[in-house]
Structure formats: structure tokens, C-alpha cells
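Participant: Structure file query_34.txt (compact mmCIF, C-alpha atoms) right here:
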# COMPACT_ATOMS: atom_id res chain seq x y z
CA MET O 1 72.87 -86.04 31.71
CA GLY O 2 70.80 -85.63 34.84
CA ALA O 3 72.07 -85.14 38.35
CA LYS O 4 75.08 -86.94 39.73
CA ASN O 5 74.16 -86.30 43.35
CA GLN O 6 71.16 -85.64 45.51
CA SER O 7 71.43 -81.85 45.48
CA VAL O 8 68.22 -81.81 43.46
CA LEU O 9 66.36 -83.16 46.51
CA CYS O 10 65.29 -80.55 49.04
CA ALA O 11 63.91 -81.34 52.48
CA VAL O 12 60.72 -79.51 53.42
CA SER O 13 61.53 -77.03 56.18
CA GLY O 14 60.47 -73.80 57.82
CA ARG O 15 56.92 -72.57 57.56
CA GLU O 16 55.90 -75.20 55.01
CA ALA O 17 57.04 -78.00 57.32
CA VAL O 18 55.06 -76.50 60.22
CA GLU O 19 51.96 -76.20 58.03
CA ILE O 20 52.25 -79.82 56.91
CA LEU O 21 52.74 -80.96 60.49
CA PHE O 22 49.60 -79.17 61.70
CA LYS O 23 47.54 -80.40 58.74
CA CYS O 24 48.61 -83.97 59.44
CA MET O 25 47.66 -83.52 63.09
CA PHE O 26 44.25 -81.88 62.69
CA ILE O 27 43.06 -83.04 59.27
CA GLY O 28 44.48 -86.46 60.09
CA LEU O 29 42.47 -86.45 63.32
CA TRP O 30 39.27 -85.73 61.40
CA GLN O 31 40.10 -88.50 58.93
CA PHE O 32 40.86 -90.80 61.84
CA LEU O 33 37.41 -90.17 63.36
CA GLN O 34 35.69 -90.83 60.04
CA PHE O 35 37.48 -94.11 59.51
CA ALA O 36 37.01 -95.11 63.16
CA VAL O 37 33.24 -94.73 62.80
CA ARG O 38 33.31 -96.75 59.58
CA ARG O 39 35.41 -99.40 61.28
CA LEU O 40 32.95 -99.70 64.15
CA TRP O 41 29.98 -99.73 61.78
CA LYS O 42 31.45 -102.50 59.62
CA GLY O 43 33.24 -104.30 62.42
CA HIS O 44 31.04 -107.35 62.20
CA ARG O 45 32.15 -107.89 58.59
CA ARG O 46 35.90 -107.63 59.13
CA LYS O 47 36.45 -111.36 59.44
CA ASN O 48 34.96 -111.86 55.99
CA LEU O 49 37.26 -109.25 54.47
CA LYS O 50 40.45 -111.12 55.27
CA SER O 51 42.50 -112.25 52.31
CA PRO O 52 45.45 -114.67 52.27
CA PRO O 53 48.76 -113.21 53.39
CA ILE O 54 50.97 -111.89 50.61
CA GLU O 55 54.03 -114.11 50.34
CA LEU O 56 57.09 -114.29 48.14
CA THR O 57 56.43 -116.12 44.89
CA VAL O 58 58.71 -119.09 44.36
CA ASP O 59 57.73 -119.73 40.75
CA SER O 60 61.03 -120.39 38.97
CA SER O 61 59.46 -120.21 35.51
CA ILE O 62 59.39 -116.42 35.67
CA GLY O 63 63.15 -116.14 36.11
CA ILE O 64 65.97 -116.72 38.55
CA HIS O 65 65.37 -115.64 42.14
CA CYS O 66 68.33 -113.73 43.56
CA TYR O 67 69.29 -111.87 46.73
CA ILE O 68 71.73 -109.02 47.12
CA LYS O 69 72.84 -106.98 50.11
CA LEU O 70 73.10 -103.25 49.50
CA MET O 71 74.22 -100.81 52.19
CA GLY O 72 73.44 -103.50 54.78
CA VAL O 73 69.94 -104.17 53.40
CA LYS O 74 68.86 -107.47 51.81
CA TYR O 75 66.93 -107.16 48.55
CA HIS O 76 65.19 -109.88 46.58
CA TYR O 77 64.80 -109.69 42.81
CA VAL O 78 64.00 -111.90 39.84
CA GLU O 79 66.28 -111.73 36.81
CA THR O 80 65.34 -112.79 33.29
CA GLY O 81 67.25 -112.65 30.03
CA PRO O 82 70.95 -112.65 29.06
CA LYS O 83 73.24 -111.21 31.73
CA ASN O 84 75.27 -109.29 29.18
CA GLY O 85 72.19 -107.49 27.90
CA SER O 86 71.14 -103.94 28.62
CA ILE O 87 69.50 -103.68 32.06
CA VAL O 88 65.77 -103.07 32.47
CA LEU O 89 64.91 -102.49 36.14
CA ILE O 90 61.26 -102.98 37.12
CA LEU O 91 60.04 -101.46 40.38
CA GLY O 92 56.64 -102.83 41.35
CA ASP O 93 53.99 -101.19 43.47
CA ALA O 94 53.68 -101.69 47.20
CA PRO O 95 52.25 -103.63 48.82
CA ASP O 96 53.05 -106.46 46.44
CA ALA O 97 49.82 -108.13 45.37
CA GLY O 98 51.60 -110.56 43.06
CA ASN O 99 50.08 -108.98 39.93
CA LEU O 100 53.46 -108.25 38.34
CA TRP O 101 53.35 -111.81 37.01
CA VAL O 102 49.92 -111.79 35.40
CA PRO O 103 50.10 -113.16 31.82
CA SER O 104 49.92 -109.75 30.14
CA TRP O 105 52.89 -108.31 32.03
CA ALA O 106 54.83 -111.59 32.01
CA SER O 107 54.64 -111.35 28.21
CA VAL O 108 56.40 -107.98 28.40
CA VAL O 109 59.22 -109.44 30.51
CA ARG O 110 59.51 -112.40 28.15
CA ARG O 111 59.64 -110.19 25.04
CA LEU O 112 62.27 -107.93 26.59
CA ALA O 113 64.38 -110.99 27.45
CA GLU O 114 63.96 -112.35 23.92
CA SER O 115 65.10 -108.97 22.59
CA GLY O 116 68.39 -109.30 24.48
CA TYR O 117 67.57 -107.25 27.59
CA HIS O 118 68.52 -108.35 31.10
CA VAL O 119 65.32 -107.75 33.08
CA VAL O 120 65.53 -107.31 36.86
CA THR O 121 62.23 -107.19 38.78
CA LEU O 122 62.93 -105.86 42.26
CA ASP O 123 60.89 -106.31 45.43
CA LEU O 124 60.69 -102.94 47.14
CA ARG O 125 61.64 -102.83 50.79
CA GLY O 126 58.98 -104.37 52.97
CA THR O 127 57.55 -106.42 50.08
CA GLY O 128 58.26 -109.95 48.86
CA GLY O 129 61.65 -111.15 50.02
CA SER O 130 63.20 -107.71 50.59
CA GLU O 131 63.97 -106.37 54.03
CA GLY O 132 61.68 -103.70 55.53
CA GLY O 133 62.56 -100.45 57.24
CA ASN O 134 61.29 -97.43 59.15
CA ARG O 135 60.45 -93.97 57.79
CA LYS O 136 64.06 -92.81 57.73
CA ASP O 137 65.23 -96.00 56.04
CA LEU O 138 62.68 -95.56 53.25
CA SER O 139 63.06 -91.80 52.76
CA PRO O 140 63.79 -90.62 49.17
CA PRO O 141 67.52 -89.89 49.70
CA ARG O 142 68.12 -93.33 51.19
CA ALA O 143 66.00 -95.05 48.53
CA VAL O 144 67.97 -93.31 45.76
CA GLU O 145 71.27 -94.40 47.30
CA GLU O 146 70.18 -98.03 47.53
CA LEU O 147 68.64 -98.19 44.05
CA SER O 148 71.65 -96.56 42.43
CA ALA O 149 73.90 -99.00 44.32
CA LEU O 150 71.82 -101.85 42.88
CA LEU O 151 72.16 -100.49 39.33
CA LYS O 152 75.92 -100.17 39.70
CA ALA O 153 76.15 -103.69 41.13
CA LEU O 154 74.33 -104.91 38.01
CA GLY O 155 76.91 -103.23 35.79
CA VAL O 156 75.01 -100.05 34.96
CA SER O 157 77.08 -96.94 34.36
CA SER O 158 76.89 -93.66 32.46
CA ASN O 159 78.32 -95.53 29.46
CA LYS O 160 75.85 -98.39 29.85
CA PRO O 161 72.64 -96.86 31.26
CA ALA O 162 69.52 -98.81 32.16
CA ALA O 163 65.83 -98.47 31.42
CA VAL O 164 63.62 -98.22 34.51
CA ILE O 165 59.91 -99.10 34.75
CA GLY O 166 57.97 -98.11 37.87
CA PHE O 167 54.41 -98.89 39.00
CA GLY O 168 52.72 -96.81 41.71
CA ILE O 169 55.17 -96.37 44.58
CA GLY O 170 57.83 -97.90 42.33
CA GLY O 171 57.00 -95.12 39.87
CA MET O 172 57.41 -92.52 42.60
CA LEU O 173 60.88 -93.92 43.34
CA THR O 174 61.65 -93.90 39.62
CA TRP O 175 61.02 -90.15 39.59
CA TYR O 176 63.49 -89.61 42.41
CA LEU O 177 66.06 -91.91 40.81
CA ALA O 178 65.77 -90.21 37.41
CA HIS O 179 66.27 -86.76 38.94
CA CYS O 180 69.17 -87.75 41.19
CA ARG O 181 70.95 -90.34 39.05
CA GLY O 182 69.95 -89.38 35.53
CA ALA O 183 73.28 -90.46 34.06
CA LEU O 184 72.41 -94.07 34.89
CA ILE O 185 69.05 -94.02 33.10
CA ARG O 186 68.50 -94.38 29.37
CA LYS O 187 64.71 -94.40 29.36
CA LEU O 188 61.99 -94.52 32.01
CA VAL O 189 58.39 -95.66 32.09
CA ILE O 190 56.24 -94.42 34.98
CA ILE O 191 52.81 -95.96 35.47
CA GLY O 192 50.22 -94.49 37.82
CA ALA O 193 52.59 -92.18 39.71
CA PRO O 194 52.41 -88.36 39.55
CA HIS O 195 55.59 -86.38 39.98
CA PRO O 196 56.61 -86.22 43.69
CA ASN O 197 56.28 -82.42 43.74
CA MET O 198 52.55 -82.96 43.17
CA TYR O 199 52.35 -85.21 46.23
CA TRP O 200 49.75 -83.24 48.18
CA GLN O 201 47.63 -82.29 45.16
CA HIS O 202 47.67 -85.79 43.68
CA PRO O 203 48.43 -88.65 46.11
CA PRO O 204 51.13 -91.06 44.91
CA VAL O 205 48.94 -94.17 45.15
CA ALA O 206 45.25 -94.98 45.22
CA PHE O 207 45.08 -96.03 48.87
CA CYS O 208 46.11 -92.48 49.89
CA ASN O 209 42.89 -90.98 48.59
CA ARG O 210 40.96 -89.13 51.32
CA ALA O 211 43.47 -90.29 53.94
CA LEU O 212 46.78 -88.68 53.02
CA GLN O 213 47.21 -86.78 56.30
CA PHE O 214 46.06 -89.73 58.39
CA ILE O 215 48.62 -91.98 56.70
CA GLN O 216 51.35 -89.91 58.35
CA TRP O 217 50.15 -91.29 61.68
CA PRO O 218 51.82 -94.42 63.09
CA TYR O 219 50.27 -97.88 63.65
CA PHE O 220 46.60 -97.29 62.72
CA PRO O 221 46.92 -96.84 58.92
CA GLU O 222 48.66 -100.21 58.51
CA ARG O 223 46.03 -102.03 60.52
CA TRP O 224 43.07 -100.37 58.85
CA LEU O 225 44.44 -100.80 55.34
CA ALA O 226 44.87 -104.49 56.12
CA GLU O 227 41.21 -104.61 57.15
CA GLY O 228 40.07 -102.71 54.05
CA ILE O 229 38.67 -99.82 56.12
CA LEU O 230 40.57 -97.15 54.19
CA GLN O 231 39.45 -98.72 50.92
CA ASP O 232 35.69 -98.66 51.47
CA GLY O 233 35.79 -102.27 52.62
CA ASP O 234 37.31 -103.48 49.39
CA SER O 235 39.57 -106.40 50.22
CA THR O 236 40.86 -107.03 46.70
CA SER O 237 44.11 -105.17 47.37
CA SER O 238 44.23 -105.52 51.13
CA SER O 239 46.20 -108.05 53.11
CA SER O 240 45.31 -109.85 56.30
CA ARG O 241 48.53 -108.56 57.88
CA ALA O 242 49.39 -104.98 58.75
CA ARG O 243 53.08 -105.66 58.19
CA ASP O 244 52.47 -106.10 54.46
CA TRP O 245 51.54 -102.40 54.34
CA THR O 246 54.41 -101.01 56.44
CA GLY O 247 56.89 -100.71 53.58
CA ALA O 248 54.38 -99.01 51.31
CA LEU O 249 53.33 -96.52 53.97
CA ASN O 250 56.89 -95.68 55.01
CA TYR O 251 57.78 -94.87 51.40
CA VAL O 252 54.72 -92.60 51.24
CA ARG O 253 55.41 -91.06 54.65
CA GLY O 254 58.99 -90.23 53.73
CA ALA O 255 58.08 -88.71 50.37
CA ALA O 256 55.85 -86.12 52.07
CA TRP O 257 58.91 -84.31 53.42
CA TRP O 258 61.02 -84.08 50.26
CA ARG O 259 60.75 -82.07 47.04
CA VAL O 260 62.60 -82.07 43.75
CA ARG O 261 64.15 -78.74 42.85
CA ASP O 262 61.67 -76.92 40.61
CA ASP O 263 64.19 -76.02 37.92
CA HIS O 264 65.47 -79.57 37.48
CA LYS O 265 64.14 -81.76 34.68
CA VAL O 266 64.55 -85.42 33.82
CA GLU O 267 66.66 -85.61 30.67
CA ALA O 268 65.98 -89.23 29.67
CA PRO O 269 62.99 -89.95 27.40
CA ALA O 270 60.01 -90.66 29.65
CA LEU O 271 56.76 -92.50 28.98
CA LEU O 272 54.12 -91.44 31.50
CA LEU O 273 50.96 -93.54 31.76
CA GLY O 274 47.91 -92.93 33.90
CA ALA O 275 44.18 -93.40 34.19
CA ARG O 276 41.77 -91.43 32.04
CA SER O 277 40.84 -89.32 35.05
CA SER O 278 44.49 -88.38 35.62
CA ALA O 279 45.09 -86.23 32.54
CA ALA O 280 45.85 -83.16 34.65
CA GLN O 281 48.35 -85.15 36.71
CA LEU O 282 50.14 -86.36 33.59
CA VAL O 283 50.36 -82.89 32.06
CA GLY O 284 51.67 -81.47 35.34
CA SER O 285 54.19 -84.29 35.66
CA ALA O 286 55.36 -83.83 32.07
CA GLN O 287 56.59 -80.34 32.94
CA HIS O 288 59.38 -82.01 34.91
CA CYS O 289 60.62 -83.94 31.85
CA SER O 290 62.62 -82.75 28.86
CA ARG O 291 61.23 -85.44 26.53
CA PRO O 292 57.89 -86.77 27.79
CA ALA O 293 55.34 -88.99 26.08
CA LEU O 294 51.92 -89.22 27.72
CA ARG O 295 49.28 -91.93 27.39
CA LEU O 296 45.95 -92.57 29.11
CA LEU O 297 44.85 -96.12 29.88
CA THR O 298 41.62 -97.63 31.13
CA ASP O 299 43.23 -99.24 34.18
CA PRO O 300 46.97 -98.49 34.38
CA GLY O 301 48.68 -101.49 35.90
CA PRO O 302 50.31 -104.80 34.98
CA ALA O 303 46.99 -106.32 33.90
CA ASP O 304 45.98 -103.51 31.52
CA LYS O 305 45.69 -105.03 28.06
CA ASP O 306 47.01 -101.92 26.29
CA LEU O 307 50.10 -101.55 28.47
CA PRO O 308 52.33 -104.22 26.86
CA GLY O 309 52.20 -102.67 23.39
CA LEU O 310 52.95 -99.17 24.66
CA VAL O 311 55.86 -100.22 26.87
CA LEU O 312 57.46 -102.51 24.30
CA ASP O 313 57.08 -99.97 21.51
CA PHE O 314 58.75 -97.34 23.70
CA LEU O 315 61.64 -99.58 24.81
CA VAL O 316 62.36 -101.82 21.83
CA GLY O 317 60.30 -100.36 19.00
CA GLU O 318 57.85 -103.21 18.49
CA PRO O 319 54.48 -104.10 20.05
CA VAL O 320 53.84 -107.40 21.79
CA ASP O 321 51.73 -108.68 18.88
CA SER O 322 49.73 -107.43 15.90
CA THR O 323 46.48 -107.22 17.86
CA THR O 324 48.00 -105.03 20.55
CA ALA O 325 49.65 -102.93 17.88
CA LYS O 326 46.32 -102.18 16.21
CA VAL O 327 44.71 -101.22 19.50
CA SER O 328 47.48 -99.21 21.10
CA MET O 329 49.20 -97.72 18.05
CA SER O 330 46.22 -96.90 15.86
CA SER O 331 48.03 -94.03 14.09
CA PRO O 332 51.46 -93.68 12.45
CA ARG O 333 54.57 -92.68 14.37
CA TRP O 334 54.98 -88.97 14.86
CA LEU O 335 57.94 -86.65 15.16
CA VAL O 336 59.07 -85.49 18.56
CA GLY O 337 56.75 -82.72 19.65
CA ARG O 338 55.33 -80.92 22.64
CA VAL O 339 52.31 -81.81 24.69
CA LEU O 340 49.57 -80.31 22.51
CA GLY O 341 46.46 -81.59 24.28
CA ALA O 342 44.21 -84.60 24.07
CA VAL O 343 43.85 -86.29 20.68
CA ALA O 344 40.94 -88.64 20.38
CA GLY O 345 41.88 -92.10 19.12
CA ARG O 346 40.08 -93.57 16.15
CA GLY O 347 38.08 -96.75 16.27
CA ARG O 348 38.06 -98.26 19.70
CA ASP O 349 38.57 -95.56 22.29
CA LEU O 350 41.16 -97.38 24.33
CA THR O 351 43.97 -94.83 24.66
CA ALA O 352 44.12 -91.06 24.44
CA ARG O 353 47.26 -89.27 23.30
CA LEU O 354 48.34 -86.14 25.17
CA SER O 355 51.75 -85.79 23.47
CA LEU O 356 52.89 -87.19 20.20
CA PRO O 357 56.60 -88.06 20.27
CA ALA O 358 57.94 -91.02 18.34
CA LEU O 359 58.24 -93.69 20.97
CA SER O 360 60.93 -95.87 19.46
CA ALA O 361 62.92 -92.97 18.04
CA GLN O 362 63.69 -91.46 21.44
CA ALA O 363 66.93 -93.19 22.22
Rewrite the structure from the file as C-alpha cells, please.
Facilitator:
Amino acid sequence: MGAKNQSVLCAVSGREAVEILFKCMFIGLWQFLQFAVRRLWKGHRRKNLKSPPIELTVDSSIGIHCYIKLMGVKYHYVETGPKNGSIVLILGDAPDAGNLWVPSWASVVRRLAESGYHVVTLDLRGTGGSEGGNRKDLSPPRAVEELSALLKALGVSSNKPAAVIGFGIGGMLTWYLAHCRGALIRKLVIIGAPHPNMYWQHPPVAFCNRALQFIQWPYFPERWLAEGILQDGDSTSSSSRARDWTGALNYVRGAAWWRVRDDHKVEAPALLLGARSSAAQLVGSAQHCSRPALRLLTDPGPADKDLPGLVLDFLVGEPVDSTTAKVSMSSPRWLVGRVLGAVAGRGRDLTARLSLPALSAQA
């Protein structure tokens, strides 16, 4: 079931590597000039765009805060639920904006814990209380080694696999982990993250839009993301410190130089969720899965009101409450099938179905 090593990961080399290098140099230079002009034009407003630094939450009501050292790297995570339960590993987005603990997503963690699951919410490297790293440290092969080491330290094995949920960059890492260590994964939920092989066609996270080549540059992307320059001056997801972006960017930088072998598919049942505008990304990503289920959401993320019902129905077979069930699961369960195209939902148009497998039946 899945790969037992990283032979499915292939480093970009030869002509393709040279082409990428030149594109990052010249297209990145053009992007740099555009953003530099914007930065100068809006320079007088930068002080007003500062937001409080992103710090590690110390709220003990969400679970027990723990630290673990893996391959010489310190990780911070929050664990919830019985320790003898089946593991659910949650990989958040980067940078960490603290939205993994909004009420809607906290209800998912609470319901999983009440259902007997041991939920581990991990801070990615460079976020929260986890140690940072450079490009090489955060490259896909290294990330897979560290995440698989974490799963094994938590008691996960091929006989006791885990479910993995990934948001954004955490979703990108979930793809790599599922391809390289499929035997350790029972189910996976990927939210807002196209398959890594679609990296250049569909950027892995929103802040890469229109700046993917420039992000390969050192120093400047971190500073300008912190100032909101690369986000049209929007400070809602920016931090006042460049270092809060370093981990996120190094994950993205490393992923540009690695591909998953085209003939390799994820064997575990996969729930892929994305924005309504990302239907093409979801369909393309589903081709890399043996058993995919696709859903479109209004705003895929921890705060999306339709997300809890979909995730809980996929993992444990029951929605978070009757209201969510009526909204998210407006039609009966279906047999496992292929991706047949978009099916318009009845009533409130909150989710669109692109494949119709039975969520709870895919064990």
C-alpha cells in the first residue's frame, strides 16, 4: 500500500532545471520590479499595515502542548483525545495565523477526540513552537523523513495507519507523505493544495499568485510578504516580521525542484477540497489518487462552515451536527464511482460535487 521509500520523488534536473532557473531569474526580476514600484508607491502606508507578531498559542483548553525532537529538529504539537486511539495528524498552513483554533475547526478536533481518535495538530517548521530551517532542511525528501519519523514515534505503523489532514502548505506536504509513506496512511484530507506535480500551473498557496518565480529569490519575498506588498496591501494574513514567512517560503522553494513519479498514485482514500474556482486543479489532482472524492467550498480553510461536516463524514461517518449535515450532505450516500463532472447541489448552493464516492464507506 503506497511507497515504502522515496523512490517516487524525482529531483528536477537537466534541461528542465535550467529552464526553471532562467525563468526564476528573468521572470522573477520582472516580478521584483513590479512589486518594488508598488512598495515605493504605497510606502507611506506600510506602518499602518503592520499586524501583531504571530506567536505560539498557550491556550491549554485546546489540548496538551508537547515537544518532540526528530532527526535533531524540535517540533511543537498539540494532542487531544485518548492516547490509545487511532492517530489523526493535522498539518496546518504556513505561516500560522492561529486560525486552526477557530470555533468551527475546534469543533472538528473535539468531535474526533470524542469519537476515540488521538488528534495531533503539528506546527510546521518555522511556525508556532517548531524549529525553522533553510531550503535544504525543508525540501520534500527531508520533510517526508521527519513527518514519517513523527508518525512512527506516535505509534503509527502499517498495521495501525493514521489519517492525515493538510491545509495549504500542510496539504502539499500531505501529498508527498502519502506518495512516499502510503503504508502509514489510512485516509487523507487535503484542503486548498493542488498536487505537487501541478506546482507551476497552480501555485501551492495563495500568496504565490503572480509571484511564484520571485519567491525563489532570497530575502526580499519574506520582507515584502510581511509588509503585505505581495498581497495587494492586504494585511489580514501578513505578519509584522519577515521571519514568520521564512518557513512557508522555504517549503515552497524546495517543492519547486521535486516531482512525484507520474505513474505513482496515492492508494489511500482521499478527500480533496478546494475553492469553487479551483475545479480544474481538483480534477487534475484527482488523477494522482486511486480513490478520490472531490468537493468545492466557498472559502476552503478552517473557518469554512461547510468543512466540518465534510471532514467528519469522511473520517468517522457522521457530520458535526444536523444543520451541517443538511447543508453539506444534501443528497444520499453514493457508491464508489469515478469523477463524472460537476453536479449541482439542490437548495442552497454551498458545495458542488465533482465525484460521488461514499465518504464513510471508504475505509
Participant: So how many Å separate CA of Pro196 in chain O and CA of Ser157 in chain O, to one decimal?
Facilitator: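 Interatomic distance, CA of Pro196 in chain O to CA of Ser157 in chain O: 24.9 Å.
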Participant: Counting all atoms listed in the file, figure out which residue out of O:Ala242, O:Ala106, O:Leu21, O:Leu184 gets nearest to Ala162 in chain O.
Facilitator: O:Leu184
Participant: Could you work out how far CA of Ala293 in chain O lies from CA of Leu307 in chain O, giving the answer in Å with one decimal?
Facilitator: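 It comes out at 13.8 Å.
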Participant: As a VMD selection string, please: the residues near range 140-142 of chain O (cut-off 9 Å, all atoms listed in the file, same-chain neighbours under 4 positions excluded).
Facilitator: chain O and resid 6 9 136 146 to 147 173 176 to 177 180 251 254 to 255 258
Participant: Pick from O:Leu122, O:Leu212, O:Val266, O:Leu282: nearest to Pro194 in chain O, with only C-alpha atoms counted?
Facilitator: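 Of all the options, O:Leu282 lies closest to Pro194 in chain O.
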